[in-house]
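This report concerns only the one structure given below.
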Amino acid sequence: MKIGLIRHFKVNYHKKIFMTSKQFKEWEENYNISEVIKKDVELIGIKWDKCYSSTLIRAIITAQYVYKDEIVQNDLIRETIIDPIFKSNFKLPYWFWAVSGRIAWYFNHKSQEENKIITRDKAKKFVDILLDETQIDGKENILIVTHGFFMYSLQKELKKRGFIGKLITSPRNGILYLYEK
């Protein structure tokens with residue numbers, strides 16, 4: 001069985017260097033609905049039997065570009081939500097909001113709508129569904145279009161289930177990462 005993970009294409013939306021906590025959330029909302037910059041994706045000569053995509057538009061557009069048959073959309077593989085660690089009208093650098101939000105996620109801080117436990121559970125549930133459906137329909141080569149931060153948890157879950165592949169901590173947009181069992 002082969003599983004190909006692809007991080008969605010690069011999003012064509014820019015951020016301000018400094019922003020309030022509210023502006024950071026607005027940036028995230030706008031990022032989630034922005035256009036992507038399409039590019040060719042090397043599918044390494046594998047005939048993919050099935051494709052799953054996150055329900056966010058950037059993943060759907062990427063999946064439609066690389067896979068021409070039916071695409072199964074699933075909320076479980078949406079990007080992990082990031083929230084500001086506190087409310088502030090004081091403008092702080094974008095990187096502060098992003099890094100502090102991910103640290104808060106890691107430590108299951110109450111500021112985060114989605115914490116590490118929830119993300120890990122989403123990855124586990126999705127892999128359960130994936131493996132169950134593979135047994136039922138017999139489709140062995142599965143393409144998954146998802147998001148950079150969530151991919152890390154998904155990769156870890158695949159490895160727990162015996163899949164072999166390189167663990168990527170900073171996946172590049174529009175690149176295929178292969179896992180085999």
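Within each chain, counting starts at residue 1; across the structure tokens, chains are named A, B, ... in the order shown, with ligands numbered 1 upward in that order.
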Apply DSSP to the structure's backbone, then extract all residues of chain A labelled helix (DSSP H, G or I) and return them as a PyMOL selection string. chain A and resi 21-31+57-66+75-77+94-106+116-137+148-160
Would you kindly return, as an NGL selection string, each protein, DNA or RNA residue with an atom no farther than 6 Å from any atom of stretch 122-130 of chain A, considering only C-alpha atoms and excluding same-chain residues fewer than 3 positions away? :A and (76 or 119 or 133 or 154)
Atom CA of A:Leu143 and atom CA of A:Trp27 are how many Å apart? 28.9 Å
Give me the residues within 7 Å of stretch 31-37 of chain A as a list in words, counting only C-alpha atoms and dropping any in the same chain fewer than 3 places off.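 Close residues of stretch 31-37 of chain A: Phe9, Lys10, Val11, Asn12, Tyr13, Trp27, Glu28, Leu56, Ile57 and Arg58 of chain A.
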Taking N, CA and C atoms for each residue, export the selection above as an mmCIF file, in the first residue's frame.
data_model
loop_
_atom_site.group_PDB
_atom_site.id
_atom_site.type_symbol
_atom_site.label_atom_id
_atom_site.label_comp_id
_atom_site.auth_asym_id
_atom_site.auth_seq_id
_atom_site.Cartn_x
_atom_site.Cartn_y
_atom_site.Cartn_z
ATOM 1 N N PHE A 9 -1.031 23.697 -2.506
ATOM 2 C CA PHE A 9 -0.216 24.699 -3.190
ATOM 3 C C PHE A 9 -0.045 25.937 -2.312
ATOM 4 N N LYS A 10 0.974 26.712 -2.632
ATOM 5 C CA LYS A 10 1.246 27.953 -1.907
ATOM 6 C C LYS A 10 0.054 28.905 -2.055
ATOM 7 N N VAL A 11 -0.295 29.534 -0.937
ATOM 8 C CA VAL A 11 -1.429 30.457 -0.913
ATOM 9 C C VAL A 11 -0.957 31.847 -1.328
ATOM 10 N N ASN A 12 -1.739 32.491 -2.194
ATOM 11 C CA ASN A 12 -1.406 33.813 -2.699
ATOM 12 C C ASN A 12 -2.061 34.874 -1.802
ATOM 13 N N TYR A 13 -1.569 34.972 -0.586
ATOM 14 C CA TYR A 13 -2.094 35.938 0.371
ATOM 15 C C TYR A 13 -0.954 36.361 1.279
ATOM 16 N N TRP A 27 -6.463 37.490 9.542
ATOM 17 C CA TRP A 27 -5.501 37.012 8.557
ATOM 18 C C TRP A 27 -5.725 35.521 8.310
ATOM 19 N N GLU A 28 -5.877 34.735 9.380
ATOM 20 C CA GLU A 28 -6.088 33.287 9.239
ATOM 21 C C GLU A 28 -7.358 33.004 8.433
ATOM 22 N N LEU A 56 -10.782 22.554 3.122
ATOM 23 C CA LEU A 56 -10.397 23.947 2.887
ATOM 24 C C LEU A 56 -10.080 24.134 1.403
ATOM 25 N N ILE A 57 -10.461 25.275 0.861
ATOM 26 C CA ILE A 57 -10.403 25.519 -0.586
ATOM 27 C C ILE A 57 -9.004 25.334 -1.172
ATOM 28 N N ARG A 58 -7.960 25.697 -0.445
ATOM 29 C CA ARG A 58 -6.609 25.564 -0.998
ATOM 30 C C ARG A 58 -6.241 24.102 -1.214
#
One decimal, in Å: what's the spacing between atom CA of A:Asp75 and atom CA of A:Glu114?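 Taking atom CA of A:Asp75 as the start and atom CA of A:Glu114 as the end point, the length is 13.3 Å.
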From a DSSP pass on the backbone, collect the residues of chain A flagged as strand (DSSP E) and hand them back as a PyMOL selection string. chain A and resi 2-7+10-11+18-19+36-37+50-53+71-73+92-93+141-146+176-180
Requested write-out: N, CA, C and O atoms of the selected residues, as a tab-separated table (two decimals), in the first residue's frame:
chain	number	residue	atom	x	y	z
A	2	LYS	N	0.49	2.21	-0.82
A	2	LYS	CA	1.24	3.47	-0.90
A	2	LYS	C	0.31	4.62	-0.53
A	2	LYS	O	-0.82	4.69	-0.99
A	3	ILE	N	0.82	5.52	0.27
A	3	ILE	CA	0.09	6.74	0.61
A	3	ILE	C	0.96	7.92	0.24
A	3	ILE	O	2.12	8.01	0.67
A	4	GLY	N	0.42	8.80	-0.57
A	4	GLY	CA	1.11	10.01	-0.96
A	4	GLY	C	0.51	11.21	-0.25
A	4	GLY	O	-0.70	11.44	-0.36
A	5	LEU	N	1.32	11.93	0.49
A	5	LEU	CA	0.86	13.14	1.16
A	5	LEU	C	1.35	14.36	0.38
A	5	LEU	O	2.52	14.44	0.02
A	6	ILE	N	0.44	15.27	0.13
A	6	ILE	CA	0.78	16.53	-0.55
A	6	ILE	C	0.26	17.68	0.29
A	6	ILE	O	-0.91	17.71	0.66
A	7	ARG	N	1.16	18.61	0.58
A	7	ARG	CA	0.71	19.86	1.19
A	7	ARG	C	0.16	20.72	0.06
A	7	ARG	O	0.73	20.79	-1.03
A	10	LYS	N	0.97	26.71	-2.63
A	10	LYS	CA	1.25	27.95	-1.91
A	10	LYS	C	0.05	28.91	-2.06
A	10	LYS	O	-0.50	29.07	-3.14
A	11	VAL	N	-0.30	29.53	-0.94
A	11	VAL	CA	-1.43	30.46	-0.91
A	11	VAL	C	-0.96	31.85	-1.33
A	11	VAL	O	0.08	32.33	-0.87
A	18	PHE	N	3.24	43.31	11.45
A	18	PHE	CA	2.73	43.53	12.80
A	18	PHE	C	1.21	43.51	12.75
A	18	PHE	O	0.59	44.07	11.85
A	19	MET	N	0.60	42.86	13.78
A	19	MET	CA	-0.85	42.78	13.83
A	19	MET	C	-1.32	42.55	15.26
A	19	MET	O	-0.59	42.01	16.09
A	36	VAL	N	-4.68	30.01	-4.67
A	36	VAL	CA	-3.38	29.35	-4.59
A	36	VAL	C	-2.60	29.57	-5.89
A	36	VAL	O	-3.17	29.92	-6.91
A	37	ILE	N	-1.31	29.33	-5.82
A	37	ILE	CA	-0.45	29.42	-6.99
A	37	ILE	C	-0.18	28.00	-7.45
A	37	ILE	O	0.54	27.24	-6.79
A	50	LYS	N	-7.22	6.55	-5.41
A	50	LYS	CA	-8.20	7.35	-4.67
A	50	LYS	C	-7.50	8.59	-4.11
A	50	LYS	O	-6.32	8.55	-3.82
A	51	CYS	N	-8.29	9.66	-3.96
A	51	CYS	CA	-7.73	10.90	-3.42
A	51	CYS	C	-8.65	11.47	-2.35
A	51	CYS	O	-9.86	11.58	-2.54
A	52	TYR	N	-8.04	11.81	-1.22
A	52	TYR	CA	-8.73	12.50	-0.13
A	52	TYR	C	-8.18	13.92	-0.07
A	52	TYR	O	-7.00	14.14	-0.28
A	53	SER	N	-9.08	14.85	0.28
A	53	SER	CA	-8.66	16.24	0.43
A	53	SER	C	-9.31	16.84	1.67
A	53	SER	O	-10.44	16.50	2.02
A	71	ILE	N	-12.84	13.14	-5.77
A	71	ILE	CA	-12.04	13.47	-4.60
A	71	ILE	C	-12.94	13.41	-3.38
A	71	ILE	O	-14.02	14.00	-3.36
A	72	VAL	N	-12.50	12.68	-2.38
A	72	VAL	CA	-13.25	12.54	-1.13
A	72	VAL	C	-12.77	13.63	-0.17
A	72	VAL	O	-11.60	13.64	0.21
A	73	GLN	N	-13.67	14.53	0.18
A	73	GLN	CA	-13.31	15.61	1.11
A	73	GLN	C	-13.60	15.16	2.54
A	73	GLN	O	-14.60	14.50	2.80
A	92	LEU	N	1.79	43.10	17.50
A	92	LEU	CA	2.98	42.28	17.69
A	92	LEU	C	3.32	41.62	16.35
A	92	LEU	O	2.47	41.51	15.47
A	93	PRO	N	4.55	41.16	16.20
A	93	PRO	CA	4.92	40.53	14.93
A	93	PRO	C	4.10	39.28	14.65
A	93	PRO	O	3.75	38.52	15.57
A	141	ASN	N	-3.45	2.56	-3.53
A	141	ASN	CA	-2.60	3.75	-3.70
A	141	ASN	C	-3.43	5.00	-3.45
A	141	ASN	O	-4.25	5.39	-4.28
A	142	ILE	N	-3.20	5.61	-2.31
A	142	ILE	CA	-4.06	6.69	-1.84
A	142	ILE	C	-3.28	8.01	-1.78
A	142	ILE	O	-2.22	8.09	-1.18
A	143	LEU	N	-3.86	9.03	-2.38
A	143	LEU	CA	-3.29	10.37	-2.38
A	143	LEU	C	-4.08	11.20	-1.36
A	143	LEU	O	-5.31	11.14	-1.32
A	144	ILE	N	-3.36	11.94	-0.52
A	144	ILE	CA	-4.01	12.78	0.50
A	144	ILE	C	-3.46	14.20	0.37
A	144	ILE	O	-2.25	14.41	0.47
A	145	VAL	N	-4.37	15.15	0.16
A	145	VAL	CA	-3.98	16.56	0.07
A	145	VAL	C	-4.44	17.24	1.35
A	145	VAL	O	-5.63	17.29	1.66
A	146	THR	N	-3.48	17.74	2.11
A	146	THR	CA	-3.78	18.32	3.41
A	146	THR	C	-2.90	19.55	3.65
A	146	THR	O	-2.53	20.23	2.69
A	176	LEU	N	5.09	15.84	-3.24
A	176	LEU	CA	4.57	14.54	-2.79
A	176	LEU	C	5.56	13.88	-1.82
A	176	LEU	O	6.76	13.82	-2.11
A	177	TYR	N	5.04	13.42	-0.70
A	177	TYR	CA	5.83	12.66	0.27
A	177	TYR	C	5.20	11.27	0.35
A	177	TYR	O	4.01	11.14	0.60
A	178	LEU	N	6.02	10.24	0.13
A	178	LEU	CA	5.53	8.87	-0.02
A	178	LEU	C	5.72	8.05	1.25
A	178	LEU	O	6.80	8.07	1.86
A	179	TYR	N	4.68	7.30	1.59
A	179	TYR	CA	4.68	6.35	2.71
A	179	TYR	C	4.21	5.00	2.17
A	179	TYR	O	3.24	4.94	1.43
A	180	GLU	N	4.92	3.93	2.56
A	180	GLU	CA	4.58	2.59	2.05
A	180	GLU	C	4.49	1.59	3.18
A	180	GLU	O	5.17	1.71	4.19
Surrounding residues of A:Phe24 excluding itself and chain neighbours under 5 positions, 10 Å, only C-alpha atoms, as a count of residues only: 15
